[in-house]
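Everything below belongs to work21.txt, which stores compact mmCIF, C-alpha atoms and all ligand atoms.
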```txt
# COMPACT_ATOMS: atom_id res chain seq x y z
CA MET N 1 272.54 171.71 37.08
CA ASN N 2 274.91 168.99 35.99
CA LEU N 3 278.11 170.53 34.61
CA GLN N 4 279.76 167.14 33.98
CA GLY N 5 281.97 167.33 30.91
CA LYS N 6 282.17 171.14 31.00
CA THR N 7 285.41 173.01 31.46
CA ILE N 8 285.09 176.32 33.22
CA VAL N 9 288.01 178.72 33.38
CA LEU N 10 287.65 180.68 36.60
CA VAL N 11 289.67 183.87 36.53
CA VAL N 12 290.30 185.45 39.91
CA THR N 13 291.54 189.04 40.03
CA GLY N 14 292.79 190.93 43.06
CA GLY N 15 290.14 192.28 45.38
CA ILE N 16 288.98 191.46 48.87
CA ALA N 17 286.11 189.43 47.39
CA VAL N 18 288.59 186.72 46.29
CA TYR N 19 287.44 184.59 49.21
CA LYS N 20 283.98 184.35 47.65
CA ALA N 21 285.53 182.88 44.48
CA VAL N 22 286.55 179.90 46.62
CA GLU N 23 282.87 179.20 47.31
CA LEU N 24 282.05 179.64 43.62
CA LEU N 25 284.76 177.11 42.77
CA ARG N 26 283.16 174.65 45.22
CA LEU N 27 279.76 175.07 43.59
CA LEU N 28 281.25 174.50 40.14
CA THR N 29 283.20 171.38 41.09
CA LYS N 30 280.24 169.97 43.05
CA ALA N 31 278.17 170.32 39.88
CA GLY N 32 280.77 168.18 38.08
CA ALA N 33 282.65 170.86 36.13
CA THR N 34 286.37 170.69 35.47
CA VAL N 35 287.67 174.03 36.69
CA GLN N 36 290.94 175.61 35.61
CA VAL N 37 291.82 178.61 37.76
CA ILE N 38 293.79 181.63 36.62
CA MET N 39 294.86 184.06 39.33
CA THR N 40 296.41 187.46 38.88
CA ARG N 41 299.39 188.30 41.06
CA ALA N 42 297.22 190.65 43.14
CA ALA N 43 294.63 187.90 43.70
CA THR N 44 297.31 185.66 45.20
CA GLU N 45 297.91 188.35 47.84
CA PHE N 46 294.42 187.72 49.22
CA VAL N 47 294.10 183.92 49.02
CA THR N 48 296.94 181.54 48.17
CA PRO N 49 296.85 179.55 44.92
CA LEU N 50 297.11 176.44 47.08
CA THR N 51 293.49 176.88 48.21
CA PHE N 52 292.24 177.04 44.61
CA GLN N 53 294.56 174.24 43.53
CA THR N 54 293.37 171.90 46.29
CA LEU N 55 289.71 172.59 45.67
CA SER N 56 289.88 172.45 41.87
CA GLY N 57 292.24 169.47 41.76
CA ASN N 58 294.17 171.29 39.02
CA PRO N 59 297.30 173.46 39.05
CA VAL N 60 296.54 177.17 39.32
CA HIS N 61 297.74 179.28 36.40
CA THR N 62 299.41 182.54 37.30
CA GLU N 63 302.11 183.26 34.74
CA LEU N 64 301.76 184.13 31.07
CA PHE N 65 304.93 182.29 30.15
CA ASN N 66 305.62 179.49 32.54
CA LEU N 67 307.86 176.77 31.19
CA ILE N 68 306.16 173.89 32.97
CA GLN N 69 302.60 175.16 32.66
CA GLU N 70 303.17 176.19 29.05
CA GLN N 71 304.26 172.71 28.15
CA GLU N 72 301.23 171.18 29.81
CA ILE N 73 298.52 173.57 28.92
CA GLY N 74 299.41 177.09 27.74
CA HIS N 75 297.13 180.12 27.64
CA ILE N 76 295.82 179.32 24.16
CA SER N 77 294.96 175.81 25.22
CA LEU N 78 293.13 177.18 28.30
CA ALA N 79 291.19 179.55 26.07
CA ASP N 80 290.34 176.75 23.62
CA ARG N 81 289.27 174.26 26.23
CA ALA N 82 286.86 176.57 28.05
CA ASP N 83 283.12 176.06 27.71
CA ALA N 84 282.78 179.29 29.67
CA LEU N 85 285.17 181.80 31.16
CA VAL N 86 284.17 183.45 34.43
CA ILE N 87 285.96 186.41 35.94
CA ALA N 88 285.03 186.66 39.62
CA PRO N 89 285.82 189.00 41.18
CA ALA N 90 286.54 191.25 38.21
CA THR N 91 288.38 194.42 39.25
CA ALA N 92 288.06 197.81 37.56
CA ASN N 93 291.63 197.35 36.34
CA CYS N 94 290.91 194.03 34.62
CA ILE N 95 287.68 195.34 33.09
CA GLY N 96 289.54 198.43 31.87
CA LYS N 97 292.23 196.34 30.20
CA LEU N 98 289.78 193.94 28.60
CA ALA N 99 287.58 196.75 27.29
CA ASN N 100 290.59 198.29 25.59
CA GLY N 101 292.14 195.18 24.12
CA ILE N 102 295.21 195.09 26.32
CA ALA N 103 296.70 191.62 26.52
CA ASP N 104 299.73 191.81 28.78
CA ASP N 105 299.16 188.93 31.19
CA LEU N 106 297.68 185.45 31.33
CA LEU N 107 294.17 186.66 32.20
CA THR N 108 293.82 189.24 29.46
CA THR N 109 295.51 187.02 26.87
CA THR N 110 293.26 184.10 27.66
CA VAL N 111 290.10 186.22 27.52
CA MET N 112 291.11 187.65 24.14
CA ALA N 113 292.00 184.22 22.80
CA THR N 114 288.80 182.46 23.79
CA THR N 115 285.69 182.07 21.70
CA ALA N 116 283.77 180.73 24.72
CA PRO N 117 281.20 182.96 26.44
CA VAL N 118 282.70 185.31 29.03
CA LEU N 119 281.00 186.22 32.30
CA LEU N 120 282.13 189.11 34.45
CA ALA N 121 281.28 189.52 38.11
CA PRO N 122 282.61 192.97 39.01
CA ALA N 123 283.49 193.93 42.57
CA MET N 124 284.92 197.28 43.64
CA ASN N 125 284.44 200.41 45.71
CA VAL N 126 281.16 202.23 45.03
CA ASN N 127 282.90 205.35 43.65
CA MET N 128 285.06 203.30 41.31
CA TYR N 129 281.91 201.46 40.19
CA GLN N 130 280.22 204.75 39.37
CA HIS N 131 283.25 206.33 37.70
CA PRO N 132 282.55 207.24 34.05
CA ALA N 133 285.68 205.40 32.91
CA TYR N 134 284.47 202.21 34.55
CA ARG N 135 280.91 202.63 33.28
CA GLN N 136 282.17 203.08 29.72
CA ASN N 137 284.43 200.04 29.97
CA GLU N 138 281.64 197.83 31.30
CA GLN N 139 279.32 199.06 28.57
CA LYS N 140 281.95 198.32 25.92
CA LEU N 141 282.39 194.76 27.19
CA ARG N 142 278.61 194.21 27.23
CA GLN N 143 278.50 195.38 23.62
CA MET N 144 281.27 192.92 22.79
CA GLY N 145 278.99 190.16 24.10
CA CYS N 146 280.29 189.67 27.64
CA GLN N 147 277.65 188.80 30.23
CA VAL N 148 277.73 190.71 33.51
CA VAL N 149 276.52 189.61 36.94
CA ASP N 150 275.91 192.94 38.59
CA PRO N 151 277.44 193.59 42.00
CA GLU N 152 275.13 193.87 44.98
CA GLN N 153 274.35 196.77 47.23
CA GLY N 154 275.36 196.88 50.86
CA GLU N 155 278.26 197.45 53.17
CA LEU N 156 281.54 197.25 51.29
CA ALA N 157 284.82 195.96 52.70
CA CYS N 158 286.31 199.45 52.29
CA GLY N 159 283.75 200.82 54.76
CA TRP N 160 281.51 202.51 52.18
CA GLN N 161 277.84 201.71 51.66
CA GLY N 162 276.59 201.23 48.12
CA THR N 163 276.82 199.05 45.03
CA GLY N 164 280.07 197.21 44.44
CA ARG N 165 279.88 194.06 46.52
CA LEU N 166 280.55 190.90 44.50
CA ALA N 167 277.31 189.03 43.69
CA ARG N 168 276.73 185.99 45.88
CA PRO N 169 278.49 182.81 44.68
CA GLU N 170 275.11 181.08 44.08
CA VAL N 171 274.00 183.93 41.82
CA ILE N 172 277.24 183.76 39.78
CA PHE N 173 276.94 179.95 39.66
CA GLU N 174 273.42 180.26 38.27
CA ALA N 175 274.69 182.63 35.56
CA VAL N 176 277.45 180.13 34.64
CA CYS N 177 274.84 177.36 34.37
CA ARG N 178 272.83 179.57 32.02
CA LEU N 179 275.92 180.06 29.81
CA CYS N 180 276.44 176.30 29.61
CA ALA N 181 272.79 175.31 29.03
CA PRO N 182 271.32 174.74 25.56
CA GLN N 183 269.30 177.80 24.59
CA ASP N 184 266.44 175.71 23.19
CA LEU N 185 263.57 177.46 25.00
CA VAL N 186 264.27 180.99 23.78
CA GLY N 187 261.00 182.63 22.77
CA GLN N 188 258.88 180.48 25.10
CA THR N 189 257.01 181.88 28.08
CA ILE N 190 256.68 179.13 30.65
CA LEU N 191 254.49 179.44 33.72
CA VAL N 192 255.35 177.02 36.52
CA THR N 193 253.34 176.54 39.69
CA ALA N 194 255.14 175.22 42.74
CA GLY N 195 254.74 174.35 46.37
CA PRO N 196 251.68 173.71 48.49
CA THR N 197 248.66 175.92 48.97
CA ARG N 198 247.34 177.02 52.34
CA GLU N 199 243.64 177.00 53.07
CA GLU N 200 242.99 179.12 56.13
CA LEU N 201 240.68 178.12 58.98
CA ASP N 202 241.26 181.29 60.97
CA PRO N 203 244.00 183.97 61.20
CA ILE N 204 246.33 181.41 62.82
CA ARG N 205 245.65 177.98 61.32
CA PHE N 206 245.53 176.47 57.88
CA ILE N 207 245.22 173.17 56.01
CA SER N 208 248.18 172.38 53.76
CA ASN N 209 250.42 169.52 52.59
CA HIS N 210 254.07 168.41 52.60
CA SER N 211 255.06 169.86 49.22
CA SER N 212 258.45 171.60 49.49
CA GLY N 213 258.28 173.33 46.09
CA ARG N 214 261.64 171.84 45.04
CA MET N 215 260.37 170.23 41.84
CA GLY N 216 258.64 173.41 40.64
CA TYR N 217 261.61 175.62 41.52
CA ALA N 218 263.99 173.22 39.73
CA LEU N 219 261.75 173.41 36.65
CA ALA N 220 261.60 177.20 36.78
CA ARG N 221 265.38 177.53 37.10
CA ALA N 222 266.07 174.98 34.35
CA ALA N 223 263.61 176.68 31.97
CA GLN N 224 265.22 180.06 32.63
CA ARG N 225 268.71 178.68 32.01
CA ARG N 226 267.51 177.30 28.70
CA GLY N 227 266.38 180.75 27.62
CA ALA N 228 262.66 180.81 28.44
CA ARG N 229 260.87 183.69 30.07
CA VAL N 230 259.64 182.13 33.31
CA ILE N 231 256.75 183.04 35.59
CA LEU N 232 256.79 181.13 38.85
CA VAL N 233 253.51 181.10 40.78
CA SER N 234 254.54 179.79 44.15
CA GLY N 235 252.73 178.72 47.26
CA PRO N 236 254.51 179.30 50.59
CA VAL N 237 257.91 177.53 50.54
CA ALA N 238 261.22 177.82 52.36
CA LEU N 239 263.35 178.08 49.21
CA ASP N 240 265.56 180.92 48.00
CA ARG N 241 263.91 183.34 45.64
CA PRO N 242 265.32 182.49 42.18
CA THR N 243 267.00 185.41 40.45
CA GLY N 244 265.78 186.60 37.07
CA ILE N 245 262.43 184.86 37.34
CA GLU N 246 259.09 186.63 37.75
CA LEU N 247 257.91 185.28 41.11
CA VAL N 248 254.23 185.54 42.01
CA PRO N 249 253.72 184.50 45.63
CA VAL N 250 250.28 183.12 46.52
CA ALA N 251 248.81 181.27 49.48
CA SER N 252 245.45 179.65 48.69
CA ALA N 253 244.26 177.62 45.68
CA CYS N 254 241.89 180.45 44.74
CA GLN N 255 244.75 182.94 44.75
CA MET N 256 246.82 180.54 42.66
CA GLN N 257 243.96 180.18 40.19
CA GLN N 258 243.66 183.96 39.84
CA ALA N 259 247.43 184.39 39.41
CA VAL N 260 247.54 181.69 36.72
CA MET N 261 244.45 182.83 34.83
CA GLU N 262 245.63 186.46 34.72
CA ARG N 263 248.87 185.37 33.03
CA VAL N 264 247.99 182.33 30.92
CA GLU N 265 247.30 184.24 27.73
CA ALA N 266 250.96 185.24 27.47
CA CYS N 267 252.19 181.68 28.02
CA THR N 268 253.21 178.99 25.56
CA VAL N 269 253.64 176.33 28.27
CA VAL N 270 252.12 175.82 31.74
CA ILE N 271 253.67 173.26 34.07
CA LYS N 272 251.58 172.63 37.17
CA ALA N 273 253.96 171.17 39.73
CA ALA N 274 252.08 172.70 42.68
CA ALA N 275 250.31 170.45 45.17
CA VAL N 276 247.04 172.34 45.18
CA ALA N 277 244.65 171.61 48.05
CA ASP N 278 241.52 169.98 46.66
CA TYR N 279 239.32 171.37 49.44
CA ARG N 280 239.13 174.53 51.53
CA PRO N 281 237.14 175.33 54.68
CA VAL N 282 233.63 176.53 53.84
CA GLN N 283 234.08 179.27 56.38
CA ARG N 284 237.19 181.13 57.43
CA SER N 285 236.73 182.54 60.89
CA ASP N 286 237.89 186.16 61.32
CA GLN N 287 238.72 185.41 64.94
CA LYS N 288 240.88 182.62 66.33
CA ILE N 289 238.70 179.52 66.77
CA LYS N 290 238.51 178.89 70.52
CA LYS N 291 238.99 175.55 72.16
CA GLU N 292 235.48 174.61 73.29
CA GLY N 293 233.88 171.16 72.84
CA GLU N 294 235.65 167.80 72.65
CA ARG N 295 235.21 167.71 68.88
CA LEU N 296 235.45 170.27 66.16
CA VAL N 297 233.94 169.58 62.77
CA VAL N 298 235.32 171.56 59.86
CA GLU N 299 233.26 171.54 56.70
CA LEU N 300 235.24 171.68 53.47
CA GLU N 301 234.26 172.56 49.93
CA ARG N 302 235.94 171.82 46.61
CA ASN N 303 238.60 174.13 45.29
CA PRO N 304 238.63 174.95 41.60
CA ASP N 305 240.78 172.54 39.57
CA ILE N 306 243.13 175.05 37.97
CA LEU N 307 244.69 172.62 35.53
CA ALA N 308 241.35 171.24 34.35
CA GLY N 309 240.25 174.85 33.80
CA LEU N 310 243.32 175.46 31.62
CA GLY N 311 242.55 172.29 29.67
CA ARG N 312 239.11 173.70 28.77
CA LEU N 313 240.47 176.94 27.28
CA THR N 314 239.91 177.24 23.54
CA ARG N 315 243.40 178.64 22.96
CA ARG N 316 245.38 176.74 25.51
CA PRO N 317 249.14 176.56 26.04
CA LEU N 318 250.99 173.24 26.15
CA LEU N 319 249.92 171.71 29.46
CA VAL N 320 251.97 169.55 31.80
CA GLY N 321 250.45 168.19 34.99
CA PHE N 322 251.79 166.23 37.93
CA ALA N 323 250.13 163.27 39.59
CA ALA N 324 251.26 162.30 43.07
CA GLU N 325 249.72 158.91 43.76
CA THR N 326 249.80 156.22 46.42
CA GLY N 327 248.54 153.35 44.24
CA ASP N 328 247.60 152.40 40.64
CA LEU N 329 249.98 155.05 39.34
CA GLN N 330 249.40 154.30 35.67
CA GLY N 331 245.61 154.16 35.91
CA HIS N 332 245.18 157.36 37.93
CA ALA N 333 247.72 159.31 35.90
CA ALA N 334 246.22 158.24 32.55
CA ALA N 335 242.74 159.20 33.79
CA LYS N 336 243.97 162.66 34.85
CA LEU N 337 245.80 163.22 31.58
CA ALA N 338 242.56 162.58 29.69
CA ALA N 339 240.16 164.30 32.11
CA LYS N 340 242.24 167.49 32.32
CA ASN N 341 243.09 167.49 28.60
CA LEU N 342 246.86 167.56 29.14
CA ASP N 343 249.77 167.03 26.77
CA MET N 344 251.87 165.26 29.34
CA ILE N 345 251.64 164.16 32.97
CA VAL N 346 254.50 163.44 35.36
CA ALA N 347 253.36 160.68 37.68
CA ASN N 348 255.06 159.48 40.78
CA ASP N 349 254.24 157.09 43.58
CA VAL N 350 254.91 159.12 46.72
CA THR N 351 255.11 155.98 48.87
CA GLN N 352 258.33 154.93 47.06
CA GLU N 353 261.58 155.78 48.81
CA GLY N 354 263.35 158.65 47.03
CA ALA N 355 260.16 159.89 45.38
CA GLY N 356 257.61 162.58 46.10
CA PHE N 357 257.39 165.38 48.64
CA ASN N 358 260.23 166.95 50.54
CA VAL N 359 263.08 164.85 49.10
CA ALA N 360 265.78 165.92 46.65
CA THR N 361 265.08 163.06 44.23
CA ASN N 362 262.13 161.60 42.35
CA ILE N 363 261.13 158.46 40.45
CA ALA N 364 258.73 159.47 37.72
CA ARG N 365 256.72 158.02 34.89
CA LEU N 366 255.86 160.28 31.99
CA LEU N 367 252.58 159.75 30.16
CA PHE N 368 251.80 161.47 26.89
CA ARG N 369 248.60 162.32 25.05
CA ASP N 370 249.37 159.82 22.27
CA GLY N 371 249.56 156.94 24.77
CA ARG N 372 253.36 156.82 25.07
CA VAL N 373 254.69 156.02 28.53
CA GLU N 374 258.24 156.65 29.67
CA GLU N 375 259.50 154.99 32.83
CA LEU N 376 262.32 156.94 34.51
CA ALA N 377 264.93 155.86 37.06
CA LEU N 378 265.59 157.60 40.36
CA MET N 379 267.20 160.97 39.69
CA SER N 380 267.59 164.38 41.29
CA LYS N 381 264.74 166.84 40.85
CA GLU N 382 267.18 169.05 38.88
CA GLU N 383 267.87 166.21 36.42
CA LEU N 384 264.17 165.40 36.17
CA ALA N 385 263.42 169.07 35.49
CA ASP N 386 265.77 169.08 32.50
CA LEU N 387 264.35 165.81 31.22
CA ILE N 388 260.77 167.13 31.47
CA LEU N 389 261.86 170.25 29.56
CA ASP N 390 263.52 168.07 26.89
CA ARG N 391 260.14 166.39 26.36
CA VAL N 392 258.33 169.74 26.41
CA ARG N 393 260.77 170.98 23.75
CA GLY N 394 259.95 167.88 21.68
CA LEU N 395 256.20 168.45 22.01
CA LEU N 396 256.54 172.11 21.01
CA GLY N 397 257.97 170.88 17.71
O1 LIG N 401 243.69 165.70 40.44
P1 LIG N 401 245.00 165.92 41.07
O2 LIG N 401 244.98 166.93 42.16
O3 LIG N 401 245.70 164.69 41.54
O4 LIG N 401 245.89 166.48 39.86
C1 LIG N 401 247.19 166.92 40.03
C2 LIG N 401 247.52 167.97 39.03
O5 LIG N 401 246.47 168.93 38.92
C3 LIG N 401 248.74 168.76 39.43
O6 LIG N 401 249.42 169.14 38.26
C4 LIG N 401 248.15 169.95 40.17
O7 LIG N 401 249.02 171.08 40.14
C5 LIG N 401 246.85 170.19 39.44
N1 LIG N 401 245.76 170.69 40.27
C6 LIG N 401 245.20 171.92 40.01
N2 LIG N 401 244.19 172.38 40.79
C7 LIG N 401 243.69 171.65 41.77
C8 LIG N 401 244.21 170.40 42.05
C9 LIG N 401 245.26 169.95 41.27
O8 LIG N 401 245.69 172.60 39.11
N3 LIG N 401 242.70 172.12 42.50
```

So, in terms of structure tokens, how does the structure I just supplied come out?
Ligand code: C5P
Amino acid sequence: MNLQGKTIVLVVTGGIAVYKAVELLRLLTKAGATVQVIMTRAATEFVTPLTFQTLSGNPVHTELFNLIQEQEIGHISLADRADALVIAPATANCIGKLANGIADDLLTTTVMATTAPVLLAPAMNVNMYQHPAYRQNEQKLRQMGCQVVDPEQGELACGWQGTGRLARPEVIFEAVCRLCAPQDLVGQTILVTAGPTREELDPIRFISNHSSGRMGYALARAAQRRGARVILVSGPVALDRPTGIELVPVASACQMQQAVMERVEACTVVIKAAAVADYRPVQRSDQKIKKEGERLVVELERNPDILAGLGRLTRRPLLVGFAAETGDLQGHAAAKLAAKNLDMIVANDVTQEGAGFNVATNIARLLFRDGRVEELALMSKEELADLILDRVRGLLG
């Protein structure tokens, strides 16, 4: 997600997980955010402010009343400027203070003074995490409207096993993106299909295509950030499982069809970004096909067209298709839009550099039911995902 123009206040409190906050800072700045870092005195014992200062490009704030900092920025100004305030790692001590309205340092004062959304990423020993005092404090902060990224389970730095390990930086980053995104898809249930399908020839081999799933996953993540409930029906891909999204893994086109049809009734929007194989082998051999003659002929039969099937439903959700073409983009895409009874189709010429399968960018043309056509420039799949969702939002009315 593009966080250009957003100011994130990253509050770092003192626990061994401070080093992970460095990675979170990198993710935030790479996404274009301006990051102001507040560190507690204990946090500076683990990693020096210099690291955070160098990576954020801004002075690190450590003191409540610092003559130079106060003149430049001040804790109220930090609180006012924030689009979101993230506390990672958040210690039991800081959560305890915040839950009880104590404001005796820069961190607690800034959190109390801000009207921006606050995100906590707790990290502590498993017994502290389970302590009734901590549980009550966390609950209180949730009730006050703070968002919490739960710690993960595993081996803790203190030697214990259990829950208390700071969530991974990518997971916290995703939660920050959600806080900064417009919540314009709340109440929508959006099913996205992604990736290729695999049509098996035998237990070892299959027919597939070059789809990486990136476009579909970017759409699913963007829709979730914007408040939608998201169901992601995914063919086999090498992408991280997105958190907070219902993931339905499938392999073949027939499995994808079943997964989509079982869920479509609950959906308000279906976006079919998957590259579904049009044909499958007539016969799948139970045994490995042996190398025998000089030639092997494989007979294929048509797969169901899932999207066309959705277009024929009497009560159908808003439908968005994709058209990957190698020529006459406009003609083919317009024909598919009409034949499949879609609301919108995202067409791209996969022979163009920077477009299509397995690259991080795309060059798309959007065609709408009413004949409108929108030509788009080269952009990242993340940017395109948000733009597609803007148009979906418009079509939903
Ligand atoms: O007809 P074509 O395969 O080019 O159409 C592409 C669009 O149709 C994509 O949105 C794709 O996900 C969908 N599709 C489908 N089932 C198929 C083939 C394509 O849903 N068997």

Worksheet item: Quick one: residues within 9 Å of ligand LIG 401 (chain N), with all atoms listed in the file, as a PyMOL selection string?
Response: chain N and resi 193-194+253-254+256-257+271-279+302-310+320-325+332-333+336-337+340+345-346

Worksheet entry | Nearest to Leu201 in chain N, chosen from N:Gly394, N:Pro281, N:Gly311, N:Gly327, with only C-alpha atoms counted in the distances |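 Closest candidate: N:Pro281.
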
Discussion item. Within 9 Å of (238.6, 185.4, 62.7) in the file's own coordinates, which protein, DNA or RNA residues have an atom, counting all atoms listed in the file? List them as a ChimeraX atom specification.
Written reply: /N:201-204,284-289

Worksheet entry | Pairwise distance for CA of Glu374 in chain N and CA of Leu387 in chain N, rounded to one decimal in Å |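 Separation between CA of Glu374 in chain N and CA of Leu387 in chain N: 11.1 Å.
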
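By all atoms listed in the file, and with residues fewer than 4 positions from range 50-65 of chain N along its chain excluded, the set lying at most 9 Å from it is Ala21, Val22, Leu25, Arg26, Thr29, Thr34, Val35, Gln36, Val37, Ile38, Met39, Thr40, Arg41, Thr44, Gln69, Glu70, Gly74, His75, Asp104, Asp105, Leu106, Leu107 and Thr109 of chain N.
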
Worksheet item: Counting only C-alpha atoms, what is within 10 Å of Gly187 in chain N, bar same-chain residues fewer than 3 positions away, as an NGL selection string?
Response: :N and (183-184 or 190 or 227-229 or 268)

Worksheet item: Which distance in Å separates CA of Val192 in chain N and CA of Glu170 in chain N, to one decimal?
Response: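 Distance between the two atoms: 21.5 Å.
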
Discussion item. So that I can check the surroundings of range 149-156 of chain N, please list as a ChimeraX atom specification every protein, DNA and RNA residue that reaches within 12 Å of it, counting only C-alpha atoms and ignoring chain neighbours fewer than 2 positions away.
Written reply: /N:15-17,86-91,118-127,129-130,138,142,146-147,158-176,178-179,243-244

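Counting all atoms listed in the file, the residue from N:Thr108, N:Met344, N:Leu98, N:Asp386 that sits nearest to Arg369 in chain N is N:Met344.
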
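Between CA of Leu28 in chain N and CA of Gln4 in chain N the separation is 9.7 Å.
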
List the spatial neighbours of Leu318 in chain N as a tab-separated table (two decimals) with C-alpha atoms, keeping the file's coordinate frame - criterion: any atom at most 9 Å away, only C-alpha atoms, same-chain residues fewer than 6 positions off excluded.
```tsv
chain	number	residue	atom	x	y	z
N	267	CYS	CA	252.19	181.68	28.02
N	268	THR	CA	253.21	178.99	25.56
N	269	VAL	CA	253.64	176.33	28.27
N	270	VAL	CA	252.12	175.82	31.74
N	271	ILE	CA	253.67	173.26	34.07
N	342	LEU	CA	246.86	167.56	29.14
N	343	ASP	CA	249.77	167.03	26.77
N	344	MET	CA	251.87	165.26	29.34
N	392	VAL	CA	258.33	169.74	26.41
N	395	LEU	CA	256.20	168.45	22.01
N	396	LEU	CA	256.54	172.11	21.01
```

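Using all atoms listed in the file, the nearest neighbour of Phe46 in chain N within the list N:Ile102, N:His131, N:Gly14, N:Leu319 is N:Gly14.
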
Discussion item. Could you check the closest approach to Ile245 in chain N for each of N:Arg365, N:Arg372, N:Arg205, N:Arg225 and tell me which residue wins, using only C-alpha atoms?
Written reply: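 Among the listed residues, N:Arg225 lies closest to Ile245 in chain N.
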
Discussion item. My list of candidates is N:Lys6, N:Arg214, N:Lys97, N:Arg135. Which is closest to Gly32 in chain N when distances are computed with all atoms listed in the file?
Written reply: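 Of N:Lys6, N:Arg214, N:Lys97, N:Arg135, the one nearest Gly32 in chain N, counting all atoms listed in the file, is N:Lys6.
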
Item to complete: Using only C-alpha atoms, pick whichever of N:Asn93, N:Thr110, N:Asn358, N:Asn100 has the shortest atom-to-atom distance to Leu10 in chain N.
Response: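 Residue with the minimum atom-to-atom distance to Leu10 in chain N: N:Thr110.
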